[in-house]
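File shown: run15.cif (mmCIF, C-alpha atoms).
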```cif
data_coords
loop_
_atom_site.label_atom_id
_atom_site.label_comp_id
_atom_site.auth_asym_id
_atom_site.auth_seq_id
_atom_site.Cartn_x
_atom_site.Cartn_y
_atom_site.Cartn_z
CA MET A 1 27.31 125.91 165.22
CA SER A 2 28.29 128.09 162.27
CA ILE A 3 24.64 128.44 161.28
CA THR A 4 23.68 129.45 164.82
CA ALA A 5 26.53 131.95 164.96
CA ASN A 6 25.27 133.64 161.82
CA PHE A 7 21.90 134.55 163.29
CA PRO A 8 21.38 138.18 164.40
CA THR A 9 22.26 139.05 167.98
CA ILE A 10 19.93 142.05 167.98
CA ARG A 11 16.17 141.72 168.26
CA PRO A 12 13.81 143.12 165.62
CA THR A 13 12.00 146.31 166.59
CA LEU A 14 9.03 145.15 164.48
CA ASN A 15 7.80 141.56 164.47
CA LEU A 16 4.48 140.96 162.71
CA ASP A 17 4.11 137.19 163.08
CA PHE A 18 0.70 136.74 161.48
CA ALA A 19 0.87 132.95 161.13
CA ASN A 20 1.75 132.22 164.77
CA SER A 21 -0.10 135.05 166.52
CA ARG A 22 -3.10 134.65 164.19
CA THR A 23 -3.85 138.32 164.75
CA VAL A 24 -3.14 141.68 163.14
CA ASP A 25 -1.12 144.20 165.15
CA PRO A 26 -3.30 147.19 166.22
CA ARG A 27 -0.64 149.59 164.88
CA ILE A 28 -1.67 148.51 161.37
CA THR A 29 -4.47 150.50 159.77
CA PHE A 30 -6.43 148.01 157.67
CA THR A 31 -9.15 148.89 155.14
CA ARG A 32 -11.20 147.02 152.56
CA ALA A 33 -14.39 148.57 151.18
CA SER A 34 -16.30 145.27 150.95
CA THR A 35 -16.78 141.92 152.62
CA ALA A 36 -14.45 139.06 151.64
CA THR A 37 -14.13 135.32 152.25
CA TYR A 38 -11.43 133.17 153.84
CA PHE A 39 -11.04 129.72 155.38
CA ASP A 40 -10.93 129.29 159.16
CA ARG A 41 -8.84 126.68 161.01
CA LEU A 42 -11.63 124.09 160.68
CA GLY A 43 -11.74 124.52 156.91
CA VAL A 44 -15.04 126.41 156.98
CA LEU A 45 -15.50 129.20 154.41
CA ARG A 46 -16.12 132.39 156.38
CA THR A 47 -17.00 135.98 155.48
CA ALA A 48 -14.99 138.90 156.86
CA ALA A 49 -16.80 142.20 157.38
CA VAL A 50 -15.90 145.47 155.68
CA ASN A 51 -12.45 146.64 156.91
CA GLU A 52 -11.85 143.33 158.71
CA PRO A 53 -8.48 141.69 157.91
CA ARG A 54 -8.40 138.02 156.98
CA ILE A 55 -6.15 135.49 158.69
CA ASP A 56 -6.37 132.60 156.25
CA TYR A 57 -5.91 128.86 156.84
CA ASP A 58 -5.19 125.86 154.67
CA PRO A 59 -8.60 124.12 154.75
CA ALA A 60 -7.05 120.70 154.13
CA THR A 61 -4.46 120.79 156.94
CA GLY A 62 -5.69 123.50 159.31
CA GLU A 63 -2.32 125.29 159.07
CA CYS A 64 -2.45 129.06 159.50
CA LYS A 65 -1.15 130.67 156.31
CA GLY A 66 -1.08 134.23 157.64
CA LEU A 67 -2.51 137.56 156.50
CA LEU A 68 -4.34 137.34 153.18
CA ILE A 69 -3.86 140.35 150.88
CA GLU A 70 -5.59 140.51 147.48
CA GLU A 71 -6.27 143.00 144.72
CA GLN A 72 -9.77 143.99 143.66
CA ARG A 73 -11.57 141.27 141.70
CA THR A 74 -15.09 140.67 140.32
CA ASN A 75 -16.93 137.36 140.04
CA LEU A 76 -18.38 137.60 136.54
CA LEU A 77 -20.89 134.80 137.17
CA THR A 78 -24.20 136.23 138.33
CA TYR A 79 -25.38 133.06 140.11
CA SER A 80 -22.39 131.46 141.81
CA GLU A 81 -24.26 129.24 144.30
CA ASP A 82 -27.74 128.36 142.93
CA PHE A 83 -27.29 125.98 140.01
CA THR A 84 -31.03 125.39 139.58
CA GLN A 85 -31.30 128.87 138.05
CA GLY A 86 -31.96 129.10 134.31
CA TYR A 87 -28.68 131.02 134.14
CA TRP A 88 -27.04 127.59 134.34
CA GLY A 89 -27.92 125.69 131.16
CA LYS A 90 -28.39 121.92 131.47
CA HIS A 91 -26.87 119.98 128.59
CA ASN A 92 -27.73 116.44 127.43
CA GLY A 93 -30.17 115.47 130.15
CA THR A 94 -28.24 116.92 133.10
CA VAL A 95 -30.26 116.96 136.32
CA VAL A 96 -29.50 119.47 139.11
CA THR A 97 -30.77 118.79 142.65
CA ASN A 98 -30.24 120.77 145.85
CA VAL A 99 -28.88 118.23 148.34
CA GLY A 100 -28.24 120.64 151.22
CA ASP A 101 -25.19 122.14 152.93
CA GLY A 102 -24.80 124.41 149.92
CA PHE A 103 -24.17 121.54 147.48
CA TYR A 104 -26.04 120.76 144.26
CA LYS A 105 -25.93 117.36 142.60
CA VAL A 106 -25.02 117.70 138.92
CA GLU A 107 -26.09 114.32 137.53
CA ARG A 108 -25.96 112.58 134.19
CA GLY A 109 -29.62 112.22 133.21
CA ALA A 110 -31.47 109.30 131.65
CA SER A 111 -31.44 110.89 128.19
CA ALA A 112 -27.63 111.17 128.14
CA SER A 113 -26.08 108.38 126.08
CA SER A 114 -22.62 107.03 126.87
CA ASN A 115 -20.90 109.01 124.13
CA VAL A 116 -21.98 112.60 124.89
CA MET A 117 -21.02 115.10 127.55
CA SER A 118 -23.61 115.88 130.22
CA TYR A 119 -22.97 119.10 132.17
CA ILE A 120 -24.19 122.47 133.38
CA VAL A 121 -22.82 125.65 131.82
CA ALA A 122 -23.09 129.35 132.72
CA LEU A 123 -25.11 131.18 130.05
CA ASN A 124 -23.55 134.62 130.18
CA THR A 125 -22.25 137.23 127.79
CA ASN A 126 -18.84 137.83 129.34
CA TYR A 127 -16.96 138.47 126.14
CA ALA A 128 -13.24 137.98 126.52
CA PRO A 129 -10.94 140.03 124.26
CA GLU A 130 -7.78 138.37 123.03
CA SER A 131 -5.58 140.29 125.46
CA GLU A 132 -7.55 139.27 128.55
CA ARG A 133 -6.60 136.40 130.84
CA ARG A 134 -9.27 134.67 132.88
CA SER A 135 -9.40 132.25 135.77
CA HIS A 136 -12.30 129.86 136.35
CA TYR A 137 -12.94 127.48 139.23
CA PHE A 138 -15.56 125.43 141.04
CA ILE A 139 -15.66 124.27 144.65
CA ILE A 140 -16.99 120.72 144.52
CA LYS A 141 -17.35 117.47 146.44
CA ARG A 142 -16.50 114.12 144.93
CA GLY A 143 -19.53 112.18 143.72
CA ASN A 144 -19.66 108.57 142.53
CA THR A 145 -16.99 108.82 139.82
CA ARG A 146 -13.22 109.17 139.91
CA TYR A 147 -13.25 111.99 137.39
CA VAL A 148 -14.84 115.38 136.83
CA TYR A 149 -14.30 117.80 133.98
CA ILE A 150 -14.49 121.51 133.24
CA THR A 151 -15.43 122.79 129.81
CA THR A 152 -15.44 126.26 128.25
CA LYS A 153 -18.03 126.94 125.56
CA ASN A 154 -19.73 129.59 123.48
CA ASP A 155 -23.20 128.87 124.89
CA PHE A 156 -24.25 125.52 123.37
CA ILE A 157 -22.45 126.19 120.09
CA HIS A 158 -19.59 123.72 119.87
CA VAL A 159 -17.04 126.22 118.61
CA ASN A 160 -13.68 126.36 120.38
CA ASP A 161 -14.81 123.87 123.04
CA ARG A 162 -12.05 123.09 125.51
CA ARG A 163 -11.98 120.55 128.35
CA ALA A 164 -9.85 119.54 131.32
CA ILE A 165 -10.40 116.28 133.24
CA PHE A 166 -9.45 115.98 136.91
CA PHE A 167 -8.63 112.85 138.93
CA PHE A 168 -9.65 113.11 142.60
CA PHE A 169 -7.42 110.43 144.10
CA PHE A 170 -4.08 111.81 142.90
CA LEU A 171 -5.13 115.47 142.69
CA SER A 172 -4.06 115.46 139.07
CA VAL A 173 -5.15 116.74 135.68
CA THR A 174 -5.34 113.67 133.43
CA SER A 175 -6.26 115.38 130.18
CA SER A 176 -6.44 119.03 129.19
CA ASP A 177 -6.96 121.23 126.16
CA PHE A 178 -5.62 124.14 128.24
CA GLY A 179 -2.03 122.97 128.48
CA SER A 180 -0.68 123.15 132.02
CA SER A 181 -3.19 125.72 133.28
CA GLY A 182 -5.56 123.27 135.00
CA PHE A 183 -5.38 122.85 138.78
CA ILE A 184 -7.01 120.77 141.51
CA ARG A 185 -6.56 121.42 145.25
CA SER A 186 -7.88 119.55 148.25
CA LEU A 187 -9.97 121.63 150.66
CA GLY A 188 -10.38 118.72 153.07
CA ASN A 189 -13.31 116.38 153.76
CA ASP A 190 -13.52 115.24 150.13
CA VAL A 191 -14.04 118.85 148.98
CA PHE A 192 -11.88 120.22 146.15
CA MET A 193 -11.23 123.35 144.12
CA ILE A 194 -10.83 122.62 140.42
CA GLY A 195 -10.17 125.21 137.76
CA VAL A 196 -8.30 126.52 134.75
CA ASN A 197 -6.31 129.70 134.17
CA LEU A 198 -6.76 130.66 130.54
CA PRO A 199 -3.95 132.40 128.63
CA THR A 200 -4.35 135.25 126.19
CA SER A 201 -5.23 133.63 122.87
CA THR A 202 -7.28 134.13 119.74
CA VAL A 203 -8.90 130.79 120.59
CA TRP A 204 -11.04 132.51 123.22
CA GLY A 205 -10.99 136.03 121.83
CA GLY A 206 -14.31 137.59 120.87
CA VAL A 207 -16.59 134.81 122.14
CA ALA A 208 -18.65 134.49 125.29
CA GLU A 209 -16.36 132.49 127.51
CA ASN A 210 -18.75 130.27 129.45
CA ILE A 211 -17.65 127.72 132.00
CA GLY A 212 -19.28 124.34 132.59
CA ILE A 213 -18.84 121.24 134.75
CA GLY A 214 -19.87 117.60 134.70
CA ALA A 215 -18.90 114.11 135.87
CA CYS A 216 -17.28 111.53 133.61
CA ALA A 217 -15.90 108.00 133.86
CA SER A 218 -12.75 108.35 131.77
CA PRO A 219 -9.41 110.08 132.39
CA THR A 220 -9.18 111.14 128.74
CA ASP A 221 -12.72 111.40 127.33
CA SER A 222 -15.37 113.60 128.99
CA ARG A 223 -18.12 111.94 126.92
CA VAL A 224 -17.73 108.60 128.68
CA GLY A 225 -20.12 107.96 131.56
CA ASN A 226 -23.21 106.25 132.89
CA VAL A 227 -26.68 107.49 133.76
CA GLY A 228 -26.56 108.58 137.40
CA ASP A 229 -22.90 109.66 137.40
CA TYR A 230 -22.70 112.87 139.43
CA VAL A 231 -20.53 115.49 141.11
CA LEU A 232 -21.58 117.82 143.95
CA VAL A 233 -21.04 121.51 143.15
CA LYS A 234 -21.09 124.32 145.72
CA CYS A 235 -19.46 127.48 144.34
CA ALA A 236 -18.36 128.84 140.97
CA GLN A 237 -16.18 131.77 140.00
CA THR A 238 -14.99 133.43 136.80
CA GLU A 239 -12.65 136.42 137.11
CA LYS A 240 -10.31 138.48 134.98
CA GLY A 241 -6.74 137.59 135.87
CA GLU A 242 -3.96 135.05 135.52
CA PHE A 243 -4.71 133.22 138.79
CA PRO A 244 -7.71 132.53 141.06
CA THR A 245 -8.50 134.58 144.17
CA SER A 246 -10.75 134.02 147.18
CA TYR A 247 -14.37 133.16 146.50
CA ILE A 248 -16.85 136.00 145.84
CA PRO A 249 -20.52 134.92 146.28
CA THR A 250 -23.12 136.24 143.81
CA ASN A 251 -26.91 135.96 143.66
CA GLY A 252 -28.39 137.62 140.58
CA THR A 253 -25.66 140.11 139.76
CA GLN A 254 -21.89 140.30 139.45
CA VAL A 255 -20.12 141.21 142.71
CA THR A 256 -16.78 142.98 143.27
CA ARG A 257 -14.49 142.35 146.22
CA ALA A 258 -12.44 145.44 147.09
CA ALA A 259 -8.67 145.37 147.59
CA ASP A 260 -7.02 144.79 150.98
CA ASN A 261 -4.91 147.69 152.27
CA ALA A 262 -2.67 147.56 155.35
CA VAL A 263 -0.45 150.53 156.31
CA MET A 264 1.59 151.82 159.24
CA THR A 265 2.03 155.59 159.56
CA GLY A 266 3.00 158.27 162.08
CA THR A 267 4.53 157.01 165.32
CA ASN A 268 3.22 153.52 164.52
CA PHE A 269 5.92 153.58 161.83
CA SER A 270 8.65 155.87 163.18
CA SER A 271 8.80 154.10 166.56
CA TRP A 272 10.54 151.07 165.03
CA TYR A 273 12.13 152.36 161.79
CA ARG A 274 15.68 153.68 161.41
CA GLN A 275 16.36 156.02 158.48
CA ASP A 276 20.09 155.50 157.96
CA GLU A 277 20.31 151.69 158.00
CA GLY A 278 18.23 148.61 158.68
CA THR A 279 17.06 145.20 157.44
CA LEU A 280 13.60 144.27 156.18
CA PHE A 281 12.50 140.62 156.45
CA ALA A 282 9.42 138.95 154.98
CA GLU A 283 8.06 135.43 154.52
CA ALA A 284 5.21 135.15 152.06
CA SER A 285 3.67 133.32 149.14
CA THR A 286 1.88 134.42 145.97
CA LEU A 287 -0.06 132.78 143.16
CA ARG A 288 1.17 135.33 140.63
CA THR A 289 2.94 133.87 137.61
CA SER A 290 4.05 136.86 135.55
CA GLU A 291 3.45 140.10 137.44
CA TYR A 292 5.09 141.80 140.41
CA GLY A 293 3.47 141.42 143.82
CA GLU A 294 4.53 143.51 146.83
CA ILE A 295 5.13 141.99 150.28
CA PHE A 296 6.58 144.90 152.24
CA GLN A 297 7.23 148.47 151.08
CA ILE A 298 8.87 151.23 153.10
CA GLY A 299 8.07 154.48 151.34
CA GLU A 300 6.06 157.68 151.30
CA SER A 301 2.78 158.90 149.83
CA SER A 302 4.26 158.97 146.30
CA ALA A 303 6.43 156.35 144.58
CA ALA A 304 9.57 158.51 144.44
CA ASN A 305 11.34 157.14 147.53
CA ARG A 306 10.96 153.53 148.61
CA LEU A 307 12.46 150.21 149.60
CA ASP A 308 10.62 147.09 148.45
CA ILE A 309 10.48 143.38 149.00
CA GLY A 310 8.30 141.73 146.37
CA LEU A 311 7.80 138.63 144.28
CA LEU A 312 8.17 138.69 140.52
CA GLY A 313 7.04 135.63 138.60
CA PRO A 314 8.33 135.26 135.05
CA SER A 315 7.39 131.89 133.57
CA GLY A 316 5.92 130.63 136.81
CA TYR A 317 8.78 131.63 139.09
CA SER A 318 9.38 134.49 141.47
CA ALA A 319 12.24 136.73 142.49
CA VAL A 320 13.02 139.24 145.21
CA VAL A 321 13.23 142.79 143.91
CA ALA A 322 14.27 145.76 146.03
CA TYR A 323 14.31 149.40 144.92
CA GLY A 324 15.40 152.70 146.39
CA SER A 325 14.42 155.46 143.99
CA ILE A 326 15.18 159.06 144.95
CA GLU A 327 15.41 160.96 141.66
CA ALA A 328 12.91 159.30 139.37
CA ILE A 329 10.75 156.23 139.36
CA TRP A 330 12.77 153.07 138.63
CA ASP A 331 16.08 154.99 138.77
CA ASN A 332 18.78 154.13 141.31
CA GLU A 333 17.85 150.51 141.87
CA VAL A 334 19.74 149.69 145.04
CA ALA A 335 19.66 145.89 144.85
CA ILE A 336 18.00 143.15 142.84
CA ASN A 337 18.12 139.46 143.72
CA THR A 338 16.88 137.24 140.89
CA ASN A 339 17.19 133.95 142.76
CA LYS A 340 14.02 132.08 141.77
CA TYR A 341 11.70 129.83 143.72
CA ALA A 342 8.66 127.78 142.75
CA ASN A 343 5.51 129.84 142.27
CA GLY A 344 3.02 129.31 145.08
CA ALA A 345 5.68 128.26 147.62
CA TYR A 346 6.64 130.37 150.62
CA ALA A 347 9.82 132.39 150.31
CA LYS A 348 11.91 134.09 152.98
CA ALA A 349 13.44 137.33 151.73
CA VAL A 350 15.40 140.24 153.17
CA LEU A 351 16.60 143.67 152.10
CA ALA A 352 19.47 145.20 154.11
CA TYR A 353 20.13 148.87 153.37
CA LYS A 354 22.82 151.40 154.22
CA PHE A 355 24.57 154.18 152.29
CA ASN A 356 26.65 152.47 149.57
CA ASP A 357 26.11 149.10 151.27
CA THR A 358 22.85 147.39 150.31
CA ASN A 359 22.05 143.74 149.63
CA THR A 360 19.25 141.18 149.47
CA ALA A 361 18.82 137.47 150.09
CA ILE A 362 16.13 134.92 149.33
CA ASN A 363 15.88 131.39 150.68
CA GLY A 364 19.48 131.35 151.84
CA VAL A 365 21.03 132.87 148.72
CA ALA A 366 22.46 136.38 149.01
CA GLY A 367 22.75 138.81 146.14
CA THR A 368 25.70 141.02 145.23
CA THR A 369 26.28 143.97 147.54
CA ASP A 370 25.42 147.29 145.91
CA THR A 371 28.18 149.78 146.80
CA VAL A 372 26.71 152.78 144.96
CA CYS A 373 23.34 153.62 146.49
CA VAL A 374 21.62 156.32 148.50
CA VAL A 375 19.08 155.47 151.19
CA PRO A 376 15.72 157.17 150.55
CA VAL A 377 13.93 159.19 153.23
CA VAL A 378 10.59 157.50 153.98
CA SER A 379 7.60 157.92 156.29
CA LEU A 380 5.31 154.86 156.14
CA ALA A 381 5.05 151.11 155.55
CA ARG A 382 2.69 149.30 153.20
CA ILE A 383 2.00 145.62 153.78
CA GLY A 384 1.02 143.43 150.82
CA PHE A 385 0.76 146.26 148.27
CA ASP A 386 2.81 149.19 147.02
CA SER A 387 2.54 152.79 145.86
CA PHE A 388 1.80 151.59 142.29
CA GLY A 389 -1.22 149.57 143.43
CA ARG A 390 0.45 146.20 142.88
CA TYR A 391 -0.83 143.60 145.33
CA LEU A 392 0.77 140.42 146.64
CA ASN A 393 -2.31 138.28 146.02
CA GLY A 394 -1.16 135.79 148.59
CA THR A 395 -0.52 135.30 152.28
CA ILE A 396 2.14 136.80 154.56
CA ARG A 397 3.39 134.60 157.35
CA ARG A 398 5.74 137.11 158.94
CA ILE A 399 7.27 140.55 158.54
CA ALA A 400 10.14 141.81 160.71
CA TYR A 401 12.50 144.77 160.87
CA TYR A 402 16.00 144.89 162.36
CA PRO A 403 17.38 148.37 163.19
CA ALA A 404 20.78 147.62 161.62
CA ARG A 405 22.27 146.57 158.30
CA LEU A 406 22.81 142.87 159.04
CA PRO A 407 25.92 141.20 157.57
CA ASN A 408 25.50 139.15 154.41
CA ALA A 409 26.08 135.88 156.30
CA GLN A 410 23.15 136.73 158.58
CA LEU A 411 20.98 137.62 155.58
CA GLN A 412 21.58 134.12 154.29
CA ALA A 413 21.01 132.50 157.68
CA ILE A 414 17.63 134.11 158.45
CA THR A 415 16.27 133.27 154.99
CA ALA A 416 17.58 129.69 154.80
#
```
Let's see the structure in the file written out as structure tokens.
Amino acid sequence: MSITANFPTIRPTLNLDFANSRTVDPRITFTRASTATYFDRLGVLRTAAVNEPRIDYDPATGECKGLLIEEQRTNLLTYSEDFTQGYWGKHNGTVVTNVGDGFYKVERGASASSNVMSYIVALNTNYAPESERRSHYFIIKRGNTRYVYITTKNDFIHVNDRRAIFFFFFLSVTSSDFGSSGFIRSLGNDVFMIGVNLPTSTVWGGVAENIGIGACASPTDSRVGNVGDYVLVKCAQTEKGEFPTSYIPTNGTQVTRAADNAVMTGTNFSSWYRQDEGTLFAEASTLRTSEYGEIFQIGESSAANRLDIGLLGPSGYSAVVAYGSIEAIWDNEVAINTNKYANGAYAKAVLAYKFNDTNTAINGVAGTTDTVCVVPVVSLARIGFDSFGRYLNGTIRRIAYYPARLPNAQLQAITA
């Protein structure tokens, strides 16, 4: 009863329920200067047209995840789908066969003995400076072994070779030279995404960072296997960044996916927003691990005046951060809630603002009320990115706005 009593009695004047409505409100102006991919409710990889928003789904469960918002990224691999191309080197007798439905069989050939790795590897010249992080992944289907591995190489020169071995049945990384950066995710129907997020390191600095894949029969040694061991490979991606983003197909040249931008301006904004007090609510998830990602910003054309709900991920965690800056950028922070939650999980967060009475909450934990703050004058809303060009790189289930500064107990209740 006490929990029920703490819920708001007023209705939100804005309710963007992307996950349940599975649509984007027509008051939102959405732009993206390129096509982009997403998964539909049947787990099929689809392509959205230029300026078409993406409602993304979990391909393994069919659950609607909400509106997908990502920054600009480039697939650095020039052939991401045709593994018969000479661009993909075949090592130690590896045989590549097109088996249909977009999959290629990467098979341990007859000339591969039981104590060598057999794989395909991208032969590119994507030199990675020491300060640059990269994410690599393949979309694959399980073959006739329990294990598959990813390797990074400098062409066929065995300098700074690194490997990670993945176990299909438990969706686990059984052995890795990359620390904890390897990941495996089910995409349903025996299809998986496997990859590694490489840190900044002199280990990879100054060499062509090429990515390869092969099947193996050991959880700890990628050299162990039998002639005929195979994995089915469909897509490959290498991108600059600390986490993977949606797949970008290439066929002979690198391809860039533009950033997603969603805004509300004019009467589409002013019809529901109240300048003197209010409460912003958002439920979202991000794959970011160390950088700030915006969920919902109320602001103006510049960055001088704004209220933000975002996710900040130091050491693999995230926090709600809210700002109201009216004199200079980053001055007059009105409220910061550093309650952390696991990276990649959905968080419910709110920012309630009023003159000298502002607070935040995340996942049922309220911050400390800020009693010295001025509410900025604003004119628009940005969804999934901010005035600094920082993107959520994740999905937004819901955004709502209440035209009142809700009490702290209600902030806790609606985010619990």
What do you get, as a PyMOL selection string, if you spell out every residue that the PyMOL selection byres ((chain A and resi 192) around 12) selects here? chain A and resi 43+59-60+137-143+148+166-172+183-191+193-195+231-236
Is there a way to get, as JSON, numbers by chain, all residues within 6 Å of the point (-14.3, 145.6, 144.6) in file coordinates, counting only C-alpha atoms? {"A": [72, 73, 256, 257, 258]}
Starting from the PyMOL selection byres ((chain A and resi 46) around 12), expand the selection into actual residues of this file and give them as a compact mmCIF listing (two decimals) with C-alpha atoms, in the frame of the given file.
```
# COMPACT_ATOMS: atom_id res chain seq x y z
CA THR A 35 -16.78 141.92 152.62
CA ALA A 36 -14.45 139.06 151.64
CA THR A 37 -14.13 135.32 152.25
CA TYR A 38 -11.43 133.17 153.84
CA PHE A 39 -11.04 129.72 155.38
CA ASP A 40 -10.93 129.29 159.16
CA ARG A 41 -8.84 126.68 161.01
CA LEU A 42 -11.63 124.09 160.68
CA GLY A 43 -11.74 124.52 156.91
CA VAL A 44 -15.04 126.41 156.98
CA LEU A 45 -15.50 129.20 154.41
CA THR A 47 -17.00 135.98 155.48
CA ALA A 48 -14.99 138.90 156.86
CA ALA A 49 -16.80 142.20 157.38
CA GLU A 52 -11.85 143.33 158.71
CA ARG A 54 -8.40 138.02 156.98
CA ILE A 55 -6.15 135.49 158.69
CA ASP A 56 -6.37 132.60 156.25
CA TYR A 57 -5.91 128.86 156.84
CA PRO A 59 -8.60 124.12 154.75
CA SER A 246 -10.75 134.02 147.18
CA TYR A 247 -14.37 133.16 146.50
CA ILE A 248 -16.85 136.00 145.84
CA PRO A 249 -20.52 134.92 146.28
```
Interatomic distance (Å, one decimal) between CA of Thr145 (chain A) and CA of Asn197 (chain A): 24.1 Å
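Distances here use only C-alpha atoms; by that measure, the residue among A:Ser180, A:Ala361, A:Lys153, A:Leu68 closest to Phe30 (chain A) is A:Leu68.
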Can you translate the PyMOL selection byres ((chain A and resi 244) around 10) into the concrete residues it hits in this file, as a PyMOL selection string? chain A and resi 73+134-137+195-197+237-243+245-247+287-288+393
Using C-alpha atoms, can you write the selected residues to a file as a PDB file, in the frame of the given file?
```pdb
ATOM      1  CA  ARG A  73     -11.570 141.270 141.700  1.00  0.00           C
ATOM      2  CA  ARG A 134      -9.270 134.670 132.880  1.00  0.00           C
ATOM      3  CA  SER A 135      -9.400 132.250 135.770  1.00  0.00           C
ATOM      4  CA  HIS A 136     -12.300 129.860 136.350  1.00  0.00           C
ATOM      5  CA  TYR A 137     -12.940 127.480 139.230  1.00  0.00           C
ATOM      6  CA  GLY A 195     -10.170 125.210 137.760  1.00  0.00           C
ATOM      7  CA  VAL A 196      -8.300 126.520 134.750  1.00  0.00           C
ATOM      8  CA  ASN A 197      -6.310 129.700 134.170  1.00  0.00           C
ATOM      9  CA  GLN A 237     -16.180 131.770 140.000  1.00  0.00           C
ATOM     10  CA  THR A 238     -14.990 133.430 136.800  1.00  0.00           C
ATOM     11  CA  GLU A 239     -12.650 136.420 137.110  1.00  0.00           C
ATOM     12  CA  LYS A 240     -10.310 138.480 134.980  1.00  0.00           C
ATOM     13  CA  GLY A 241      -6.740 137.590 135.870  1.00  0.00           C
ATOM     14  CA  GLU A 242      -3.960 135.050 135.520  1.00  0.00           C
ATOM     15  CA  PHE A 243      -4.710 133.220 138.790  1.00  0.00           C
ATOM     16  CA  THR A 245      -8.500 134.580 144.170  1.00  0.00           C
ATOM     17  CA  SER A 246     -10.750 134.020 147.180  1.00  0.00           C
ATOM     18  CA  TYR A 247     -14.370 133.160 146.500  1.00  0.00           C
ATOM     19  CA  LEU A 287      -0.060 132.780 143.160  1.00  0.00           C
ATOM     20  CA  ARG A 288       1.170 135.330 140.630  1.00  0.00           C
ATOM     21  CA  ASN A 393      -2.310 138.280 146.020  1.00  0.00           C
TER      22      ASN A 393
END
```
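For the point (-0.9, 140.4, 144.6) in file coordinates, the residues within 7 Å, using all atoms listed in the file, are A:Ile69, A:Glu70, A:Glu71, A:Thr286, A:Arg288, A:Gly293, A:Glu294, A:Arg390, A:Tyr391, A:Leu392, A:Asn393, A:Gly394.
Our summary of the geometry notes that CA of Gln410 (chain A) is positioned 5.0 Å from CA of Asn6 (chain A).
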Atomic separation - CA of Thr371 (chain A) relative to CA of Thr279 (chain A), Å: 16.1 Å
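With distances restricted to only C-alpha atoms, A:Arg382 is the closest residue to Ala303 (chain A) from A:Lys105, A:Lys65, A:Arg382, A:Arg11.
Among the candidates A:Ile396, A:Ile414, A:Leu123, A:Leu406, the one nearest to Asp357 (chain A) when counting all atoms listed in the file is A:Leu406.
Restricting the calculation to only C-alpha atoms, the smallest distance between Pro407 (chain A) and any of A:Ser290, A:Ile213, A:Glu277, A:Val375 is found for A:Glu277.
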Residues within 10 Å of Thr23 (chain A), please, as a ChimeraX atom specification. Count only C-alpha atoms; anything in the same chain fewer than 5 positions from it doesn't count. /A:16-18,53-55,66-67
Measuring between all atoms listed in the file, which one of A:Ser118, A:Asn261, A:Thr152, A:Thr174 shows the shortest distance to Asn51 (chain A)? A:Asn261
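Distances from A:Asn356, A:Thr151, A:Asn268, A:Thr395 to Ala19 (chain A) were compared using all atoms listed in the file, and the smallest one belongs to A:Thr395.
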Quick one: residues within 10 Å of region 365-370 of chain A, all atoms listed in the file counted, chain neighbours fewer than 2 positions away excluded, as a PyMOL selection string? chain A and resi 320+333-340+349-363+372-373+408-413+415-416
Give me the residues near Gly212 (chain A) as a PDB file with C-alpha atoms, keeping the file's coordinate frame, where near means some atom within 6 Å (using only C-alpha atoms) and where sequence neighbours in that chain fewer than 4 positions away do not count.
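File written: selection.pdb
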```
ATOM      1  CA  ILE A 120     -24.190 122.470 133.380  1.00  0.00           C
ATOM      2  CA  VAL A 121     -22.820 125.650 131.820  1.00  0.00           C
ATOM      3  CA  ILE A 150     -14.490 121.510 133.240  1.00  0.00           C
ATOM      4  CA  THR A 151     -15.430 122.790 129.810  1.00  0.00           C
TER       5      THR A 151
END
```
Please identify all polymer residues within 9 Å of Val377 (chain A), counting all atoms listed in the file, omitting same-chain residues fewer than 6 positions from it, and present them as a ChimeraX atom specification. /A:275-276,299-300,305-306,326
Those residues you just picked out, can you put them in a file as a compact mmCIF listing (two decimals), in the coordinates of the input with C-alpha atoms?
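Written output follows (out-v6.txt):
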```txt
# COMPACT_ATOMS: atom_id res chain seq x y z
CA GLN A 275 16.36 156.02 158.48
CA ASP A 276 20.09 155.50 157.96
CA GLY A 299 8.07 154.48 151.34
CA GLU A 300 6.06 157.68 151.30
CA ASN A 305 11.34 157.14 147.53
CA ARG A 306 10.96 153.53 148.61
CA ILE A 326 15.18 159.06 144.95
```
